[in-house]
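Here's the structure, in structure tokens; my notes come after.
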Amino acid sequence: MDLRTRYLGLDLEHPIVVGASPLVDDLDVVRRLEDGGAAAIVMHSLFEEQIAGDPAQAGAEAGEPTVADPLRPDPTEFRLGPDRYLDQLLAVKQAVGVPVIASLNGTTLGYWLEAAKLIEQAGADALELNVYRLATDPQRTAEEVEFETLEMVRAVRAEVRLPLAVKLSPFYTSLAHFADRLAAAGADGLVLFNRLYQPDLDVERGTVERALHLSDSAELLLRLRWLAILRGRVHVALAASGGVHTVTDVIKALMAGADAIQVVSVLLREGPGATGRLKAELARWLAAHGHDQLDAVRGSLSLERCADPSIYERANYTQLLQGWRHLI
């Protein structure tokens, strides 16, 4: 069974990739991930706050009290600083034979350009730009927010030859148009989507709390819709990220148009062998349905190839709402 795929110009044995997570901090775990069947490994992000020398970090190092903000990363909790991140990237590259994709997380240029060059020198096979931002300023327009990201991609593209993926949230007013602009700015791929960890409210203590929940398959639906919309219409590689736990999830992502499928939560639940299980089950499913390669199903239910494209558009919304009357 030919499960090979091409993602960010990289030839992968199959489409199932370890997504960005702290799993890569332990080299023994990294080796087990490769042994377990991972086709590639994405490093967790090096955060802008680490690169730029966040004031909160400086205060913590000086012994000054700091106020935790649950809506942004806490630099005092980062496990790997910039130098250690590069050292770990080099160590991971030496430990495994599969491609290793580095990740930068932030919203402004700052020291990003220098970090991208150092990451390239450390031997990363590709670079994922993780655009994790929440526009809370009512005076900032959607165009301003998008422009900053486009400028970041253009600047990094001008400095490095690495394949670049941009990991996005779904919260853009015209995501398809923005995706096309990112491709024109130099992005080689898009990762859909960043999981925005929503803060929770403690009603007894009157505090805003950080909350971390692993994904489930229900989260995949939003990814499927946008994979299907973008497939063949925006000329970049596409990766699904979030909500992939079963072989059915994998097949759905492929049918929608994914070139690669990033998994994390299923690894945390089952261990490093989860990728191998998904790979084996994918091969069995394809064989059972008379297919001998991934391209037989990839994009088969995308917007441009779907027999009923309205299912991805407004018509589906109106028809579903009308269907509620039959339940009363």
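Ligands are numbered from 1 in the order shown, residues from 1 within each chain, and chains are lettered A, B, ... in the order they appear in the structure tokens.
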
Leu182 (chain A) surroundings by only C-alpha atoms, 12 Å radius, close-in-sequence under 6 positions cut, as a PyMOL selection string
chain A and resi 129+131+146-154+157+164-168+175-176+188-191+234-237

For Leu10 (chain A), please output as a PyMOL selection string all residues within 9 Å (counting only C-alpha atoms; exclusion window: fewer than 6 positions along the same chain). chain A and resi 99+125-126+163

Dump of N, CA and C atoms for the selected residues, as a compact mmCIF listing (two decimals), in the first residue's frame:
```txt
# COMPACT_ATOMS: atom_id res chain seq x y z
N PRO A 99 11.77 13.76 9.06
CA PRO A 99 11.90 15.22 9.05
C PRO A 99 11.48 15.84 10.39
N ASP A 125 14.10 20.86 9.01
CA ASP A 125 13.69 20.55 7.65
C ASP A 125 12.63 21.51 7.14
N ALA A 126 11.94 22.17 8.05
CA ALA A 126 10.93 23.16 7.69
C ALA A 126 10.64 23.98 8.94
N PRO A 163 11.24 25.51 3.89
CA PRO A 163 9.80 25.53 3.64
C PRO A 163 9.07 26.14 4.84
```

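In this comparison, which uses only C-alpha atoms, the residue of A:Thr173, A:Ser265, A:Asp249, A:Val30 approaching Glu281 (chain A) most closely is A:Asp249.
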
* To do: Just the residues within 9 Å of Glu219 (chain A), please, counting only C-alpha atoms, with nothing from its chain fewer than 4 positions along; format it as a list in words.
  => Ser215, Arg223, Gly242, Gly243 and Val244 of chain A

From CA of Lys252 (chain A) to CA of Ile311 (chain A) the spacing works out at 15.0 Å

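Closest approach to Met255 (chain A) among A:Val297, A:Ala274, A:Leu286, A:Ala240 is made by A:Val297 (distances from only C-alpha atoms).
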
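With only C-alpha atoms as the atoms that count, the minimum distance from Gly276 (chain A) to the choices A:Val98, A:Val247, A:Ala256, A:Leu8 is reached by A:Val247.
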
Among A:Arg31, A:Arg269, A:Arg4, A:Arg233, His213 (chain A) is approached most closely, using only C-alpha atoms, by A:Arg269

Residue with the minimum atom-to-atom distance to Ile41 (chain A), picked from A:Asp87, A:Glu304, A:Asp137, A:Glu128 with only C-alpha atoms counted, is A:Glu128

Determine which residues of region 146-315 of chain A DSSP labels as alpha helix (DSSP H) from the backbone of this structure, then write them out as a ChimeraX atom specification. /A:146-159,175-185,220-230,247-256,265-270,274-288,314-315

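In this comparison, which uses only C-alpha atoms, the residue of A:Leu192, A:Pro170, A:Ala307, A:Ala296 approaching Ala258 (chain A) most closely is A:Leu192.
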
| task | Apply DSSP to the structure's backbone, then extract all residues of region 131-210 of chain A labelled strand (DSSP E) and return them as a list in words. | result | Leu164, Ala165, Val166, Lys167, Leu168, Gly189, Leu190, Val191, Leu192, Asp200, Leu201, Asp202, Thr207, Val208 and Glu209 of chain A

### Contacts of Ala39 (chain A) at 12 Å (only C-alpha atoms; same-chain gap of 5+ positions) as number ranges by chain
A: 3-7, 10-19, 33-34, 96-101, 260-263, 275-276, 278-279

Output C-alpha atoms for every residue in that selection, as a short mmCIF file (atom, residue, chain, number, x, y, z; two decimals), in the first residue's frame.
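Final file, out.cif:
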```
data_model
loop_
_atom_site.label_atom_id
_atom_site.label_comp_id
_atom_site.auth_asym_id
_atom_site.auth_seq_id
_atom_site.Cartn_x
_atom_site.Cartn_y
_atom_site.Cartn_z
CA LEU A 3 0.76 5.83 1.77
CA ARG A 4 3.41 8.32 0.71
CA THR A 5 2.55 12.01 0.76
CA ARG A 6 4.34 15.27 0.07
CA TYR A 7 4.08 18.07 2.60
CA LEU A 10 9.10 16.93 2.14
CA ASP A 11 8.53 13.34 1.05
CA LEU A 12 6.82 11.54 3.93
CA GLU A 13 6.25 7.80 4.29
CA HIS A 14 2.63 8.52 5.26
CA PRO A 15 0.60 11.60 6.27
CA ILE A 16 0.47 11.21 10.07
CA VAL A 17 2.78 13.69 11.80
CA VAL A 18 3.46 14.45 15.46
CA GLY A 19 2.14 17.97 16.04
CA LEU A 33 7.68 8.54 18.52
CA GLU A 34 9.75 7.64 15.48
CA VAL A 96 15.72 10.53 14.40
CA GLY A 97 15.67 9.99 10.67
CA VAL A 98 12.27 11.52 9.95
CA PRO A 99 11.90 15.22 9.05
CA VAL A 100 11.89 17.64 11.98
CA ILE A 101 9.85 20.84 11.69
CA ALA A 260 -0.58 15.89 6.30
CA ILE A 261 -2.37 15.24 9.57
CA GLN A 262 -0.92 16.41 12.87
CA VAL A 263 -1.76 14.53 16.06
CA THR A 275 0.64 6.96 14.91
CA GLY A 276 1.56 3.41 13.92
CA LEU A 278 -3.51 4.94 12.63
CA LYS A 279 -1.13 4.20 9.77
#
```

Shell of 12 Å around Cys306 (chain A), only C-alpha atoms, local chain residues under 2 positions omitted, as number ranges by chain: A: 225, 228-229, 231, 255-257, 297-304, 308-313

Would you list the contacts of Leu268 (chain A) as a ChimeraX atom specification, taking every protein, DNA or RNA residue within 10 Å and counting only C-alpha atoms, but skipping same-chain residues closer than 6 positions in sequence? /A:21,23,214,274
